[in-house]
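> Dropping in input12.tsv, with TSV, C-alpha atoms and all ligand atoms.
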```
chain	number	residue	atom	x	y	z
E	1	MET	CA	6.57	-4.90	-2.19
E	2	ASN	CA	6.44	-2.14	0.41
E	3	ILE	CA	4.39	-2.90	3.51
E	4	THR	CA	3.75	-0.53	6.42
E	5	VAL	CA	3.41	-2.06	9.87
E	6	ILE	CA	1.37	0.22	12.09
E	7	TYR	CA	1.15	-0.09	15.87
E	8	HIS	CA	-0.39	2.00	18.61
E	9	GLU	CA	1.86	4.55	20.29
E	10	GLN	CA	0.87	3.13	23.68
E	11	SER	CA	1.81	-0.44	22.77
E	12	ILE	CA	3.81	-2.11	25.51
E	13	TYR	CA	5.33	-4.45	22.91
E	14	GLU	CA	7.22	-1.89	20.84
E	15	ARG	CA	10.57	-3.61	21.43
E	16	GLN	CA	9.28	-7.00	20.25
E	17	ILE	CA	7.59	-5.42	17.21
E	18	ARG	CA	10.85	-3.66	16.26
E	19	LYS	CA	12.83	-6.87	16.68
E	20	ALA	CA	10.41	-8.77	14.45
E	21	ILE	CA	10.56	-6.12	11.71
E	22	SER	CA	14.32	-6.00	11.85
E	23	THR	CA	14.56	-9.78	11.39
E	24	LEU	CA	11.89	-9.79	8.67
E	25	ASN	CA	13.89	-7.25	6.67
E	26	SER	CA	17.11	-9.18	7.22
E	27	VAL	CA	16.09	-12.66	6.14
E	28	GLN	CA	14.56	-11.69	2.79
E	29	SER	CA	14.45	-8.70	0.50
E	30	TYR	CA	11.21	-9.10	-1.49
E	31	PHE	CA	8.97	-7.55	1.16
E	32	ILE	CA	10.22	-4.29	2.61
E	33	PHE	CA	8.66	-3.52	5.98
E	34	SER	CA	8.61	-0.08	7.51
E	35	LEU	CA	7.21	0.87	10.91
E	36	GLN	CA	4.75	3.59	11.79
E	37	LYS	CA	3.20	4.61	15.11
E	38	THR	CA	-0.39	5.74	15.33
E	39	ASP	CA	-2.79	7.17	17.90
E	40	LEU	CA	-5.84	5.57	16.23
E	41	PRO	CA	-8.24	4.93	19.14
E	42	VAL	CA	-9.77	1.89	17.38
E	43	LEU	CA	-6.45	0.06	17.68
E	44	ASN	CA	-6.42	0.55	21.43
E	45	THR	CA	-9.99	-0.36	22.33
E	46	ASP	CA	-10.66	-3.56	24.21
E	47	PRO	CA	-11.71	-5.55	22.28
E	48	VAL	CA	-11.06	-4.31	18.73
E	49	CYS	CA	-14.24	-4.77	16.69
E	50	TRP	CA	-13.11	-6.46	13.46
E	51	LEU	CA	-16.16	-5.53	11.39
E	52	SER	CA	-16.01	-1.83	12.12
E	53	PHE	CA	-12.21	-1.89	11.81
E	54	SER	CA	-12.36	-3.52	8.38
E	55	ASP	CA	-15.12	-1.13	7.26
E	56	SER	CA	-13.02	1.87	8.09
E	57	HIS	CA	-9.75	0.55	6.62
E	58	SER	CA	-10.75	-1.31	3.47
E	59	SER	CA	-10.18	1.72	1.26
E	60	GLY	CA	-6.72	2.59	2.63
E	61	GLU	CA	-3.79	3.16	0.30
E	62	GLY	CA	-0.92	0.69	-0.10
E	63	TYR	CA	-0.44	-2.39	2.08
E	64	ASN	CA	-0.91	-1.93	5.81
E	65	ILE	CA	-0.56	-4.33	8.71
E	66	PHE	CA	-2.10	-3.06	11.96
E	67	ILE	CA	-0.92	-4.47	15.26
E	68	SER	CA	-2.96	-4.13	18.44
E	69	ASP	CA	-2.13	-5.10	22.02
E	70	LYS	CA	-5.86	-5.73	22.55
E	71	PRO	CA	-7.93	-8.83	21.71
E	72	ILE	CA	-10.10	-8.95	18.59
E	73	ASP	CA	-13.81	-9.26	19.42
E	74	ASP	CA	-14.13	-12.68	17.72
E	75	ASN	CA	-11.10	-14.02	19.67
E	76	TRP	CA	-9.06	-14.64	16.47
E	77	PHE	CA	-5.32	-14.08	16.34
E	78	SER	CA	-5.59	-12.02	13.19
E	79	HIS	CA	-7.57	-11.14	10.09
E	80	GLU	CA	-6.17	-10.78	6.60
E	81	GLU	CA	-7.66	-8.88	3.71
E	82	ARG	CA	-6.40	-7.99	0.23
E	83	ASN	CA	-4.49	-4.89	1.29
E	84	PHE	CA	-4.63	-4.69	5.07
E	85	SER	CA	-4.56	-6.96	8.05
E	86	LEU	CA	-5.09	-6.79	11.80
E	87	ILE	CA	-2.96	-8.76	14.24
E	88	SER	CA	-3.70	-9.03	17.95
E	89	LEU	CA	-0.84	-9.51	20.41
E	90	ASP	CA	-3.23	-10.01	23.31
E	91	SER	CA	-2.42	-12.90	25.66
E	92	TRP	CA	0.37	-14.37	23.45
E	93	GLU	CA	3.02	-14.08	26.14
E	94	ASP	CA	0.70	-15.25	28.94
E	95	SER	CA	-1.05	-18.12	27.17
E	96	PHE	CA	1.02	-19.34	24.20
E	97	SER	CA	4.68	-18.32	24.44
E	98	PRO	CA	7.18	-19.87	23.74
E	99	PRO	CA	7.83	-19.27	20.85
E	100	SER	CA	8.56	-15.63	21.58
E	101	LEU	CA	6.18	-12.81	20.80
E	102	SER	CA	8.48	-11.54	18.05
E	103	ALA	CA	8.42	-14.99	16.36
E	104	TYR	CA	4.61	-14.88	16.53
E	105	ILE	CA	4.61	-11.39	15.00
E	106	MET	CA	6.86	-12.59	12.16
E	107	TYR	CA	4.60	-15.58	11.55
E	108	GLN	CA	1.48	-13.41	11.35
E	109	ILE	CA	3.21	-10.87	9.12
E	110	ALA	CA	4.38	-13.67	6.78
E	111	GLN	CA	0.75	-14.73	6.43
E	112	ALA	CA	-0.49	-11.20	5.79
E	113	SER	CA	2.28	-10.45	3.29
E	114	ILE	CA	1.74	-13.49	1.08
E	115	ASN	CA	-1.97	-12.67	1.25
E	116	PHE	CA	-1.30	-9.22	-0.14
E	117	GLU	CA	0.96	-10.66	-2.82
E	118	ALA	CA	-1.57	-13.30	-3.89
E	119	ASP	CA	-4.39	-10.71	-3.68
E	120	LEU	CA	-6.53	-13.02	-1.55
E	121	SER	CA	-9.79	-11.83	-0.08
E	122	GLU	CA	-10.78	-13.33	3.26
E	123	GLY	CA	-13.31	-15.44	1.31
E	124	MET	CA	-10.58	-16.86	-0.98
E	125	LEU	CA	-8.43	-17.51	2.06
E	126	PHE	CA	-11.27	-19.54	3.55
E	127	ASN	CA	-11.20	-21.83	0.52
E	128	LEU	CA	-7.50	-22.38	1.06
E	129	VAL	CA	-7.27	-22.98	4.80
E	130	HIS	CA	-6.92	-26.39	6.40
E	131	TRP	CA	-9.65	-26.86	8.96
E	132	LYS	CA	-7.67	-29.75	10.39
E	133	THR	CA	-4.21	-28.76	11.64
E	134	GLN	CA	-1.37	-30.17	9.54
E	135	GLY	CA	1.56	-27.85	10.22
E	136	CYS	CA	0.97	-25.50	7.27
E	137	MET	CA	0.87	-21.70	7.54
E	138	PHE	CA	-2.69	-21.95	6.21
E	139	ASP	CA	-3.99	-24.04	9.12
E	140	PHE	CA	-7.14	-22.45	10.51
E	141	CYS	CA	-6.18	-23.28	14.13
E	142	ASP	CA	-9.66	-23.54	15.58
E	143	ASN	CA	-7.84	-24.87	18.63
E	144	LYS	CA	-5.69	-21.78	19.10
E	145	PRO	CA	-2.55	-23.46	20.56
E	146	ASP	CA	-2.30	-25.39	17.25
E	147	ILE	CA	-0.69	-22.26	15.80
E	148	LYS	CA	2.52	-23.40	17.48
E	149	ILE	CA	2.56	-26.54	15.32
E	150	GLY	CA	2.63	-24.31	12.25
E	151	MET	CA	5.42	-22.19	13.73
E	152	VAL	CA	7.58	-25.21	14.57
E	153	SER	CA	7.05	-26.68	11.11
E	154	GLY	CA	7.61	-23.29	9.40
E	155	ALA	CA	6.19	-24.35	6.07
E	156	ILE	CA	3.64	-23.77	3.35
E	157	CYS	CA	2.38	-27.22	2.35
E	158	PRO	CA	2.70	-28.32	-1.32
E	159	THR	CA	-1.06	-27.95	-1.90
E	160	CYS	CA	-1.16	-24.37	-0.64
E	161	ARG	CA	2.07	-23.53	-2.46
E	162	ALA	CA	0.60	-24.80	-5.74
E	163	ALA	CA	-2.65	-22.89	-5.08
E	164	LEU	CA	-0.75	-19.66	-4.41
E	165	ALA	CA	1.28	-20.14	-7.60
E	166	SER	CA	-1.96	-20.69	-9.53
E	167	TYR	CA	-3.24	-17.34	-8.23
E	168	GLY	CA	-0.21	-15.81	-9.95
E	169	THR	CA	1.93	-15.36	-6.85
E	170	ASP	CA	5.50	-14.38	-7.71
E	171	GLU	CA	8.00	-17.19	-7.00
E	172	LYS	CA	10.24	-14.60	-5.36
E	173	ALA	CA	7.44	-13.75	-2.92
E	174	LEU	CA	6.93	-17.43	-2.10
E	175	SER	CA	10.65	-17.89	-1.46
E	176	ALA	CA	10.75	-14.74	0.69
E	177	THR	CA	7.82	-16.04	2.73
E	178	GLU	CA	9.60	-19.37	3.15
E	179	SER	CA	12.72	-17.54	4.36
E	180	ILE	CA	10.59	-15.80	6.99
E	181	LEU	CA	8.99	-19.11	7.99
E	182	GLU	CA	12.45	-20.64	8.33
E	183	ALA	CA	13.42	-17.84	10.73
E	184	VAL	CA	10.21	-18.48	12.69
E	185	ARG	CA	10.91	-22.23	12.75
E	186	LEU	CA	14.47	-21.78	14.00
E	187	GLU	CA	13.30	-19.47	16.75
E	188	ALA	CA	10.46	-21.85	17.65
E	189	ILE	CA	12.89	-24.74	18.10
E	190	GLY	CA	15.25	-22.61	20.18
E	191	LYS	CA	17.93	-21.95	17.54
E	192	PRO	CA	17.25	-18.36	16.50
E	193	ILE	CA	19.16	-16.91	13.56
E	194	LEU	CA	21.67	-14.34	14.74
E	195	ILE	CA	21.95	-11.64	12.12
E	196	ASN	CA	23.94	-8.44	12.19
E	197	HIS	CA	21.22	-6.18	10.90
E	198	ASN	CA	23.51	-3.41	9.75
E	199	GLU	CA	26.45	-5.36	8.39
E	200	ALA	CA	27.60	-6.23	4.90
E	201	PHE	CA	29.99	-9.09	4.24
E	202	ILE	CA	32.20	-8.55	1.25
E	203	VAL	CA	33.39	-11.45	-0.84
E	204	MET	CA	35.98	-11.04	-3.59
E	205	ARG	CA	39.42	-12.17	-4.61
E	206	PHE	CA	41.52	-10.03	-2.28
E	207	SER	CA	44.84	-8.74	-3.48
E	208	THR	CA	46.81	-5.52	-3.31
E	209	HIS	CA	47.20	-2.67	-5.78
E	210	ASP	CA	44.93	-4.05	-8.44
E	211	GLU	CA	41.39	-3.45	-9.69
E	212	ASN	CA	39.74	-5.43	-6.87
E	213	ASP	CA	41.75	-3.68	-4.19
E	214	HIS	CA	40.92	-0.26	-5.64
E	215	ALA	CA	37.24	-1.10	-6.17
E	216	TYR	CA	37.08	-2.15	-2.52
E	217	LYS	CA	38.95	0.86	-1.12
E	218	TYR	CA	37.67	3.64	-3.38
E	219	GLY	CA	34.21	2.40	-4.43
E	220	ILE	CA	32.58	-0.07	-2.06
E	221	ILE	CA	33.88	1.12	1.32
E	222	PRO	CA	33.19	4.85	0.76
E	223	ALA	CA	29.66	3.92	-0.40
E	224	LEU	CA	28.97	1.84	2.73
E	225	ASN	CA	30.43	4.57	4.95
E	226	ASP	CA	28.18	7.12	3.27
E	227	ILE	CA	25.01	5.19	4.10
E	228	GLY	CA	26.14	3.99	7.51
E	229	ILE	CA	26.42	0.26	6.86
E	230	ASN	CA	29.15	-1.63	8.71
E	231	TYR	CA	31.26	-4.04	6.72
E	232	ARG	CA	33.52	-6.98	7.06
E	233	ARG	CA	35.56	-8.91	4.54
E	234	GLY	CA	36.76	-12.48	4.55
E	235	ASP	CA	40.27	-11.74	5.73
E	236	ASP	CA	39.60	-9.00	8.31
E	237	THR	CA	39.79	-11.22	11.37
E	238	ILE	CA	41.75	-14.37	12.01
E	239	LEU	CA	39.80	-17.02	13.85
E	240	SER	CA	40.95	-20.48	14.75
E	241	MET	CA	38.31	-22.22	12.68
E	242	PRO	CA	39.08	-23.07	9.07
E	243	ILE	CA	38.61	-20.16	6.71
E	244	LEU	CA	35.70	-21.71	4.82
E	245	GLN	CA	33.74	-22.23	8.01
E	246	LYS	CA	34.50	-18.65	8.99
E	247	VAL	CA	33.27	-17.32	5.67
E	248	GLN	CA	30.12	-19.43	5.81
E	249	GLN	CA	29.31	-18.15	9.29
E	250	ALA	CA	29.84	-14.56	8.19
E	251	ILE	CA	27.55	-15.08	5.18
E	252	LYS	CA	24.89	-16.54	7.46
E	253	ARG	CA	25.10	-13.72	9.98
E	254	SER	CA	25.43	-10.66	7.76
E	255	ARG	CA	22.30	-9.03	6.47
E	256	PHE	CA	23.90	-7.92	3.20
E	257	ILE	CA	26.28	-9.87	1.00
E	258	ILE	CA	28.34	-8.03	-1.60
E	259	ILE	CA	30.19	-10.23	-4.06
E	260	LYS	CA	32.57	-8.96	-6.71
E	261	VAL	CA	32.97	-11.54	-9.41
E	262	ASP	CA	35.77	-11.88	-11.88
E	263	GLU	CA	37.21	-14.80	-13.76
E	264	LYS	CA	40.03	-15.66	-11.48
E	265	ASN	CA	38.74	-17.11	-8.22
E	266	LEU	CA	36.55	-20.19	-7.87
E	267	ASN	CA	36.09	-19.65	-4.11
E	268	VAL	CA	34.09	-16.53	-4.86
E	269	TYR	CA	31.67	-18.57	-6.97
E	270	PHE	CA	31.35	-21.18	-4.24
E	271	GLU	CA	30.52	-18.48	-1.71
E	272	LEU	CA	28.03	-16.91	-4.12
E	273	GLY	CA	26.28	-20.27	-4.43
E	274	TYR	CA	26.27	-20.69	-0.66
E	275	ALA	CA	24.73	-17.25	-0.09
E	276	MET	CA	22.09	-17.87	-2.76
E	277	GLY	CA	21.27	-21.25	-1.27
E	278	LEU	CA	20.59	-19.52	2.04
E	279	GLY	CA	18.24	-17.12	0.25
E	280	LYS	CA	20.44	-14.14	1.11
E	281	PRO	CA	20.04	-10.94	-0.85
E	282	VAL	CA	23.28	-10.70	-2.83
E	283	LEU	CA	24.63	-7.61	-4.53
E	284	LEU	CA	26.81	-8.80	-7.41
E	285	ILE	CA	29.42	-6.45	-8.77
E	286	SER	CA	31.44	-6.85	-11.94
E	287	GLU	CA	33.52	-4.68	-14.21
E	288	GLU	CA	31.88	-3.96	-17.53
E	289	PRO	CA	34.47	-5.75	-19.67
E	290	PHE	CA	34.25	-8.88	-17.52
E	291	ILE	CA	30.50	-9.34	-17.49
E	292	ASP	CA	30.37	-10.88	-20.99
E	293	ASN	CA	32.91	-13.52	-20.02
E	294	LEU	CA	31.10	-14.70	-16.89
E	295	PRO	CA	29.52	-18.17	-16.72
E	296	THR	CA	25.96	-18.21	-18.10
E	297	ASP	CA	24.40	-18.96	-14.69
E	298	ILE	CA	25.93	-15.82	-13.25
E	299	LYS	CA	25.19	-13.66	-16.26
E	300	ASN	CA	21.48	-14.15	-15.68
E	301	LEU	CA	21.65	-12.72	-12.17
E	302	GLU	CA	21.20	-9.05	-11.56
E	303	CYS	CA	24.64	-7.52	-11.53
E	304	LEU	CA	25.87	-4.01	-10.86
E	305	THR	CA	28.55	-3.11	-13.39
E	306	TYR	CA	31.01	-0.24	-13.60
E	307	PRO	CA	33.69	0.77	-16.09
E	308	HIS	CA	37.19	-0.47	-15.23
E	309	GLY	CA	38.87	2.07	-12.94
E	310	ASP	CA	35.77	4.27	-12.48
E	311	TYR	CA	35.33	3.97	-8.69
E	312	GLU	CA	33.15	7.07	-8.41
E	313	THR	CA	30.52	5.38	-10.62
E	314	LEU	CA	30.87	2.18	-8.58
E	315	LYS	CA	30.36	4.13	-5.35
E	316	GLU	CA	27.27	5.92	-6.68
E	317	LYS	CA	25.75	2.67	-7.96
E	318	VAL	CA	26.31	0.89	-4.63
E	319	ILE	CA	24.67	3.78	-2.75
E	320	LYS	CA	21.74	3.79	-5.19
E	321	TYR	CA	21.32	0.01	-4.82
E	322	PHE	CA	20.95	0.27	-1.04
E	323	LYS	CA	18.70	3.32	-1.17
E	324	ASP	CA	16.42	1.75	-3.79
E	325	ASN	CA	16.20	-1.69	-2.22
E	326	TYR	CA	16.32	-1.02	1.49
E	327	HIS	CA	14.99	2.50	1.95
E	328	ILE	CA	18.29	3.49	3.50
E	329	GLU	CA	18.64	7.28	3.64
E	401	ZN	ZN	-1.37	-25.82	3.31
```
Taking this structure as input, can you express it in the form of structure tokens?

Amino acid sequence: MNITVIYHEQSIYERQIRKAISTLNSVQSYFIFSLQKTDLPVLNTDPVCWLSFSDSHSSGEGYNIFISDKPIDDNWFSHEERNFSLISLDSWEDSFSPPSLSAYIMYQIAQASINFEADLSEGMLFNLVHWKTQGCMFDFCDNKPDIKIGMVSGAICPTCRAALASYGTDEKALSATESILEAVRLEAIGKPILINHNEAFIVMRFSTHDENDHAYKYGIIPALNDIGINYRRGDDTILSMPILQKVQQAIKRSRFIIIKVDEKNLNVYFELGYAMGLGKPVLLISEEPFIDNLPTDIKNLECLTYPHGDYETLKEKVIKYFKDNYHIE
């Protein structure tokens, strides 16, 4: 789902907004957030009148999240509708922080995004919210500082989760939202996730002068160079910690994980499971003859295949994958 986050060109919080979007795009891949600046006067009036704002934006195209530095006239943090939302950054840093403003922005965007996905009107949302704070993203937070309880807990409660599923919400969207909430939670408790936003970690059975070596050198690396993504592989640097710990840390910290599977190395499958358990977006690569022999669990995952020895096709498919999924030019 593509979502545009729109902020006023005079916003003094541009850096925090950019940081939030960068993290949002790194911790999940279901929602793709892009940024846009605007000179819309309504977004820079003090206060922003919600009713006239919603009147003038209800018929907009696509999914849009508007961010204003100014307060909303009803003193709410935000409003969510079916296809647009309005988030106010006013007074967060002075009255509520910590957690940081960018964690707050991520939290609000998580709320708006799952709203879009579940196609909830503000009326439907009202039926869902908890009027009494319980540490769920759907707490109403009549007492505004209560929002921090939701951020520290970083969760959608089982009741709300079941309700969202019953509205037909995609499980992938729910998981993506939970990955965002986990990032918010870690930041709120002072252990922010450190992610290299432009780095891919490559996992495969490394060897020399064979199919894997050639696929790496002539397919994967040229593709990543073409689209400007940095890369690292398991054996590029020698650290003092045990290799497994090193690999796990790299999987945690890299935005993209590329895993080439074949039949010969169980470590690769362990690392695949680890990356999936962390909710990381994984690009699986396999040669066409191998794919039929892979374990059933792996076969059901989306896998990029290429004919044995055809590294040009592999390169093109890797480039296409990143362009299609991450809007990388
Ligand atoms: Zn709930």
> Could you tell me how far CA of Arg253 (chain E) sits from CA of Asn198 (chain E), in Å to one decimal place?
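That distance, rounded to one decimal, is 10.4 Å.
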> Have a look at E:Thr133, E:Ser207, E:Ser175, E:Asn230 and name the one nearest to ligand ZN 401 (chain E); count only C-alpha atoms and all ligand atoms.
E:Thr133
> Calculate how many Å separate CA of Gly279 (chain E) from CA of Tyr107 (chain E), rounding to one decimal.
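Separation between CA of Gly279 (chain E) and CA of Tyr107 (chain E): 17.8 Å.
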> What is the distance between CA of Ser179 (chain E) and CA of Ser78 (chain E), in Å to one decimal?
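Rounded to one decimal, the two atoms are 21.1 Å apart.
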> Return as a VMD selection string the residues of protein, DNA or RNA that approach ligand ZN 401 (chain E) to within 9 Å, with only C-alpha atoms and all ligand atoms taken into account.
chain E and resid 128 to 130 134 to 139 155 to 161 163
> Write out as JSON lines a residue-level contact list of region 105-218 of chain E versus region 286-308 of chain E with cut-off 10 Å: for each qualifying residue the closest pair of atoms and the distance in Å to one decimal, counting all atoms listed in the file, rows sorted by chain and residue number upward.

```
{"residue": "E:Glu211", "atom": "CA", "partner": "E:His308", "partner_atom": "CA", "distance": 7.6}
{"residue": "E:Asn212", "atom": "CA", "partner": "E:Glu287", "partner_atom": "CA", "distance": 9.7}
{"residue": "E:Ala215", "atom": "CA", "partner": "E:His308", "partner_atom": "CA", "distance": 9.1}
```
> I need every residue sitting at most 10 Å from the point (26.3, -12.2, -3.7) (coordinates as in the file, all atoms listed in the file considered), written as an mmCIF file with C-alpha atoms, keeping the file's coordinate frame.

```cif
data_model
loop_
_atom_site.group_PDB
_atom_site.id
_atom_site.type_symbol
_atom_site.label_atom_id
_atom_site.label_comp_id
_atom_site.auth_asym_id
_atom_site.auth_seq_id
_atom_site.Cartn_x
_atom_site.Cartn_y
_atom_site.Cartn_z
ATOM 1 C CA PHE E 201 29.990 -9.090 4.240
ATOM 2 C CA ILE E 202 32.200 -8.550 1.250
ATOM 3 C CA VAL E 203 33.390 -11.450 -0.840
ATOM 4 C CA MET E 204 35.980 -11.040 -3.590
ATOM 5 C CA ILE E 251 27.550 -15.080 5.180
ATOM 6 C CA PHE E 256 23.900 -7.920 3.200
ATOM 7 C CA ILE E 257 26.280 -9.870 1.000
ATOM 8 C CA ILE E 258 28.340 -8.030 -1.600
ATOM 9 C CA ILE E 259 30.190 -10.230 -4.060
ATOM 10 C CA LYS E 260 32.570 -8.960 -6.710
ATOM 11 C CA VAL E 261 32.970 -11.540 -9.410
ATOM 12 C CA VAL E 268 34.090 -16.530 -4.860
ATOM 13 C CA TYR E 269 31.670 -18.570 -6.970
ATOM 14 C CA GLU E 271 30.520 -18.480 -1.710
ATOM 15 C CA LEU E 272 28.030 -16.910 -4.120
ATOM 16 C CA GLY E 273 26.280 -20.270 -4.430
ATOM 17 C CA TYR E 274 26.270 -20.690 -0.660
ATOM 18 C CA ALA E 275 24.730 -17.250 -0.090
ATOM 19 C CA MET E 276 22.090 -17.870 -2.760
ATOM 20 C CA LYS E 280 20.440 -14.140 1.110
ATOM 21 C CA PRO E 281 20.040 -10.940 -0.850
ATOM 22 C CA VAL E 282 23.280 -10.700 -2.830
ATOM 23 C CA LEU E 283 24.630 -7.610 -4.530
ATOM 24 C CA LEU E 284 26.810 -8.800 -7.410
ATOM 25 C CA ILE E 285 29.420 -6.450 -8.770
ATOM 26 C CA LEU E 301 21.650 -12.720 -12.170
ATOM 27 C CA GLU E 302 21.200 -9.050 -11.560
ATOM 28 C CA CYS E 303 24.640 -7.520 -11.530
#
```
